[in-house]
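See structure below.
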Amino acid sequence: KNEVEQSPQNLTAQEGEFITINCSYSVGISALHWLQQHPGGGIVSLFMLSSGKKKHGRLIATINIQEKHSSLHITASHPRDSAVYICAVGVGGGADGLTFGKGTHLIIQP
Amino acid sequence: DSGVTQTPKHLITATGQRVTLRCSPRSGDLSVYWYQQSLDQGLQFLIQYYNGEERAKGNILERFSAQQFPDLHSELNLSSLELGDSALYFCASTLGVANTGELFFGEGSRLTVL
């Protein structure tokens, strides 16, 4: 069974700060997903990674397959980035669903 | 808007009852996943259907069942409800069978069991 650990669990920062959220997993994966969940519950997929690095606007996601570790970075953070960020991993090609981390609750203060 | 539609958005019912949650996937997507999110357990994978067939099973209780219909919408049936079944139930869809594609989530169905 894959264990997914996220850190930190909670993070409060000032607007404009560079944010890093980390995710570690215990077994080999086929894909790693970063998800965003706003208060009210809706979940949005930010990135799907199997190797390397992806960038979308102010968000950057990296993955190191050998170290079983991924990071999500937010540059020039803004209060609208306040949300829960969830890391999820999949193993095999549809062999199962995703295993989720417990999430990082991010608050960006103006 | 993800293109995934879930109904109902909110549901309040009593212990012992049965409810059905419905999910219409994004147009063209063949895979539907069901997830449960509770305060103590976080998000957990329940079950996956691909083009009408069950493909993968997670932590789904025997009291729960699901199916995917020919028009690709899916229903999750929860029976003999217990207080602990109170949670947000999400469905997500993706084009292929693998979990390596981008997932599109519905807004969830919030179930409260009293």
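Please note that chains go A, B, ... in the order of the structure tokens, that every chain numbers its residues from 1, and that ligands are numbered from 1 in the order shown.
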Practice prompt. List the neighbours of region 60-74 of chain A out to 10 Å using only C-alpha atoms; skip same-chain residues closer than 5 positions along the sequence, and give me the result as a ChimeraX atom specification.
Written response: /A:4-7,16-34,46-55,81,85-87
Would you mind exporting N, CA and C atoms of the selected residues as a compact mmCIF listing (two decimals), in the first residue's frame?
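Contents of the output file result33.txt:
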# COMPACT_ATOMS: atom_id res chain seq x y z
N VAL A 4 1.25 8.22 1.52
CA VAL A 4 1.51 9.55 0.98
C VAL A 4 1.55 10.53 2.13
N GLU A 5 2.70 11.19 2.27
CA GLU A 5 2.89 12.15 3.36
C GLU A 5 3.06 13.54 2.78
N GLN A 6 2.32 14.49 3.32
CA GLN A 6 2.46 15.87 2.89
C GLN A 6 2.97 16.73 4.04
N SER A 7 3.75 17.73 3.68
CA SER A 7 4.19 18.70 4.67
C SER A 7 4.30 20.07 4.03
N GLY A 16 2.57 37.52 -1.55
CA GLY A 16 3.83 37.74 -2.25
C GLY A 16 4.91 36.73 -1.93
N GLU A 17 4.74 35.98 -0.87
CA GLU A 17 5.76 35.01 -0.49
C GLU A 17 5.78 33.82 -1.45
N PHE A 18 6.95 33.19 -1.50
CA PHE A 18 7.15 31.96 -2.29
C PHE A 18 6.77 30.79 -1.40
N ILE A 19 5.88 29.95 -1.91
CA ILE A 19 5.32 28.85 -1.11
C ILE A 19 5.83 27.52 -1.66
N THR A 20 6.18 26.62 -0.76
CA THR A 20 6.54 25.25 -1.15
C THR A 20 5.77 24.25 -0.31
N ILE A 21 5.14 23.33 -0.98
CA ILE A 21 4.42 22.22 -0.32
C ILE A 21 5.06 20.93 -0.80
N ASN A 22 5.34 20.03 0.13
CA ASN A 22 6.05 18.80 -0.20
C ASN A 22 5.17 17.57 -0.09
N CYS A 23 5.52 16.57 -0.90
CA CYS A 23 4.78 15.31 -0.90
C CYS A 23 5.77 14.16 -1.08
N SER A 24 5.72 13.20 -0.18
CA SER A 24 6.56 12.01 -0.29
C SER A 24 5.68 10.78 -0.33
N TYR A 25 6.10 9.77 -1.08
CA TYR A 25 5.33 8.55 -1.18
C TYR A 25 6.25 7.36 -1.03
N SER A 26 5.69 6.19 -0.75
CA SER A 26 6.52 5.08 -0.31
C SER A 26 6.84 4.04 -1.38
N VAL A 27 6.02 3.93 -2.41
CA VAL A 27 6.30 2.93 -3.44
C VAL A 27 6.25 3.60 -4.81
N GLY A 28 6.75 2.88 -5.81
CA GLY A 28 6.78 3.42 -7.17
C GLY A 28 5.40 3.75 -7.68
N ILE A 29 5.32 4.79 -8.50
CA ILE A 29 4.03 5.25 -8.96
C ILE A 29 4.03 5.39 -10.48
N SER A 30 2.82 5.48 -11.03
CA SER A 30 2.69 5.77 -12.46
C SER A 30 2.41 7.25 -12.69
N ALA A 31 1.81 7.89 -11.68
CA ALA A 31 1.49 9.30 -11.83
C ALA A 31 1.27 9.93 -10.48
N LEU A 32 1.56 11.22 -10.40
CA LEU A 32 1.31 11.98 -9.19
C LEU A 32 0.46 13.19 -9.58
N HIS A 33 -0.59 13.41 -8.80
CA HIS A 33 -1.50 14.53 -9.08
C HIS A 33 -1.43 15.54 -7.94
N TRP A 34 -1.46 16.81 -8.30
CA TRP A 34 -1.67 17.88 -7.33
C TRP A 34 -3.07 18.43 -7.55
N LEU A 46 -4.65 20.40 -10.58
CA LEU A 46 -3.66 21.40 -10.97
C LEU A 46 -2.63 20.80 -11.93
N PHE A 47 -2.08 19.66 -11.55
CA PHE A 47 -1.04 19.03 -12.35
C PHE A 47 -1.16 17.52 -12.27
N MET A 48 -0.71 16.88 -13.34
CA MET A 48 -0.45 15.44 -13.32
C MET A 48 0.98 15.27 -13.80
N LEU A 49 1.80 14.60 -12.97
CA LEU A 49 3.22 14.45 -13.27
C LEU A 49 3.60 12.98 -13.27
N SER A 50 4.45 12.61 -14.20
CA SER A 50 5.10 11.31 -14.09
C SER A 50 6.61 11.47 -14.07
N SER A 51 7.10 12.63 -14.45
CA SER A 51 8.53 12.92 -14.37
C SER A 51 8.73 14.42 -14.54
N GLY A 52 9.90 14.91 -14.10
CA GLY A 52 10.31 16.26 -14.42
C GLY A 52 9.55 17.37 -13.71
N LYS A 53 9.15 18.34 -14.49
CA LYS A 53 8.64 19.59 -13.95
C LYS A 53 7.55 20.12 -14.88
N LYS A 54 6.53 20.74 -14.27
CA LYS A 54 5.50 21.41 -15.05
C LYS A 54 5.23 22.77 -14.45
N LYS A 55 4.85 23.71 -15.31
CA LYS A 55 4.57 25.08 -14.85
C LYS A 55 3.26 25.53 -15.46
N ASP A 81 -5.03 32.21 -3.50
CA ASP A 81 -4.38 30.90 -3.47
C ASP A 81 -4.73 30.12 -2.20
N TYR A 85 -4.31 22.03 -0.52
CA TYR A 85 -3.60 21.42 -1.64
C TYR A 85 -3.35 19.96 -1.30
N ILE A 86 -3.75 19.09 -2.20
CA ILE A 86 -3.73 17.66 -1.94
C ILE A 86 -2.86 16.97 -2.98
N CYS A 87 -1.97 16.13 -2.50
CA CYS A 87 -1.13 15.30 -3.36
C CYS A 87 -1.78 13.92 -3.45
Fill in: Residues of chain B in strand (DSSP E), written as a PyMOL selection string
chain B and resi 5-7+10-13+19-24+31-38+42-50+53-57+64-68+74-78+87-94+104-105+109-113
Item to complete: For Leu21 (chain B), please output as a ChimeraX atom specification all residues within 8 Å (counting only C-alpha atoms; exclusion window: fewer than 2 positions along the same chain).
Response: /B:6-8,19,23,75-77,109
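Distance-wise, CA of Leu78 (chain B) and CA of Arg26 (chain B) end up 23.2 Å apart.
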Discussion item. Counting only C-alpha atoms, a student should be able to say which residues of chain A come within 9 Å of chain B; what is the right answer, written as an MDAnalysis selection string?
Written reply: chainID A and resid 30:33 40:50 89:103
Next, write the just-selected residues to a file, as a compact mmCIF listing (two decimals), in the first residue's frame, keeping N, CA and C atoms as the atom set.
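Wrote it out as selection-v2.txt, contents follow:
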# COMPACT_ATOMS: atom_id res chain seq x y z
N SER A 30 2.82 5.48 -11.03
CA SER A 30 2.69 5.77 -12.46
C SER A 30 2.41 7.25 -12.69
N ALA A 31 1.81 7.89 -11.68
CA ALA A 31 1.49 9.30 -11.83
C ALA A 31 1.27 9.93 -10.48
N LEU A 32 1.56 11.22 -10.40
CA LEU A 32 1.31 11.98 -9.19
C LEU A 32 0.46 13.19 -9.58
N HIS A 33 -0.59 13.41 -8.80
CA HIS A 33 -1.50 14.53 -9.08
C HIS A 33 -1.43 15.54 -7.94
N GLY A 40 -15.84 25.12 0.67
CA GLY A 40 -17.02 24.87 -0.15
C GLY A 40 -16.90 23.56 -0.86
N GLY A 41 -15.66 23.06 -1.00
CA GLY A 41 -15.48 21.66 -1.34
C GLY A 41 -14.99 21.28 -2.71
N GLY A 42 -15.19 22.12 -3.74
CA GLY A 42 -14.86 21.67 -5.09
C GLY A 42 -13.38 21.37 -5.25
N ILE A 43 -13.07 20.33 -6.03
CA ILE A 43 -11.68 19.92 -6.24
C ILE A 43 -11.30 20.20 -7.69
N VAL A 44 -10.13 20.82 -7.86
CA VAL A 44 -9.61 21.11 -9.19
C VAL A 44 -8.26 20.45 -9.35
N SER A 45 -8.05 19.80 -10.47
CA SER A 45 -6.76 19.19 -10.75
C SER A 45 -5.81 20.28 -11.24
N LEU A 46 -4.65 20.40 -10.58
CA LEU A 46 -3.66 21.40 -10.97
C LEU A 46 -2.63 20.80 -11.93
N PHE A 47 -2.08 19.66 -11.55
CA PHE A 47 -1.04 19.03 -12.35
C PHE A 47 -1.16 17.52 -12.27
N MET A 48 -0.71 16.88 -13.34
CA MET A 48 -0.45 15.44 -13.32
C MET A 48 0.98 15.27 -13.80
N LEU A 49 1.80 14.60 -12.97
CA LEU A 49 3.22 14.45 -13.27
C LEU A 49 3.60 12.98 -13.27
N SER A 50 4.45 12.61 -14.20
CA SER A 50 5.10 11.31 -14.09
C SER A 50 6.61 11.47 -14.07
N VAL A 89 -1.38 9.95 -5.51
CA VAL A 89 -0.54 9.12 -6.38
C VAL A 89 -1.33 7.94 -6.89
N GLY A 90 -0.96 7.51 -8.08
CA GLY A 90 -1.56 6.33 -8.69
C GLY A 90 -0.47 5.33 -9.03
N VAL A 91 -0.81 4.07 -8.91
CA VAL A 91 0.13 3.02 -9.27
C VAL A 91 -0.49 2.18 -10.37
N GLY A 92 0.33 1.76 -11.29
CA GLY A 92 -0.17 0.91 -12.35
C GLY A 92 -1.03 1.68 -13.32
N GLY A 93 -1.36 1.09 -14.39
CA GLY A 93 -2.18 1.74 -15.40
C GLY A 93 -3.65 1.48 -15.14
N GLY A 94 -4.23 2.19 -14.20
CA GLY A 94 -5.63 1.97 -13.88
C GLY A 94 -5.85 0.80 -12.97
N ALA A 95 -4.75 0.31 -12.36
CA ALA A 95 -4.88 -0.84 -11.46
C ALA A 95 -5.66 -0.47 -10.21
N ASP A 96 -5.63 0.78 -9.87
CA ASP A 96 -6.44 1.23 -8.75
C ASP A 96 -6.69 2.72 -8.92
N GLY A 97 -7.42 3.24 -7.96
CA GLY A 97 -7.62 4.69 -7.99
C GLY A 97 -6.42 5.36 -7.38
N LEU A 98 -6.61 6.55 -6.89
CA LEU A 98 -5.53 7.31 -6.31
C LEU A 98 -5.48 7.12 -4.80
N THR A 99 -4.26 7.26 -4.26
CA THR A 99 -4.06 7.33 -2.82
C THR A 99 -3.71 8.76 -2.49
N PHE A 100 -4.40 9.32 -1.51
CA PHE A 100 -4.30 10.75 -1.25
C PHE A 100 -3.50 11.05 0.01
N GLY A 101 -2.78 12.17 -0.02
CA GLY A 101 -2.24 12.74 1.19
C GLY A 101 -3.35 13.45 1.96
N LYS A 102 -3.03 13.85 3.17
CA LYS A 102 -4.07 14.48 4.02
C LYS A 102 -4.27 15.96 3.68
N GLY A 103 -3.43 16.49 2.82
CA GLY A 103 -3.63 17.86 2.39
C GLY A 103 -2.83 18.87 3.19
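Here CA of Ala66 (chain B) and CA of Ala88 (chain A) stand 22.7 Å from one another.
Among the candidates A:Thr104, A:Gln37, A:Gln14, A:Gln9, the residue lying nearest to Ser77 (chain A) is A:Gln14 (atoms considered: only C-alpha atoms).
The coordinates place CA of Leu35 (chain A) at 20.9 Å from CA of Leu30 (chain B).
Proximity to Leu95 (chain B) was assessed for B:Asn51, B:Thr20, B:Ser38, B:Thr15 counting only C-alpha atoms; the smallest distance is recorded for B:Asn51.
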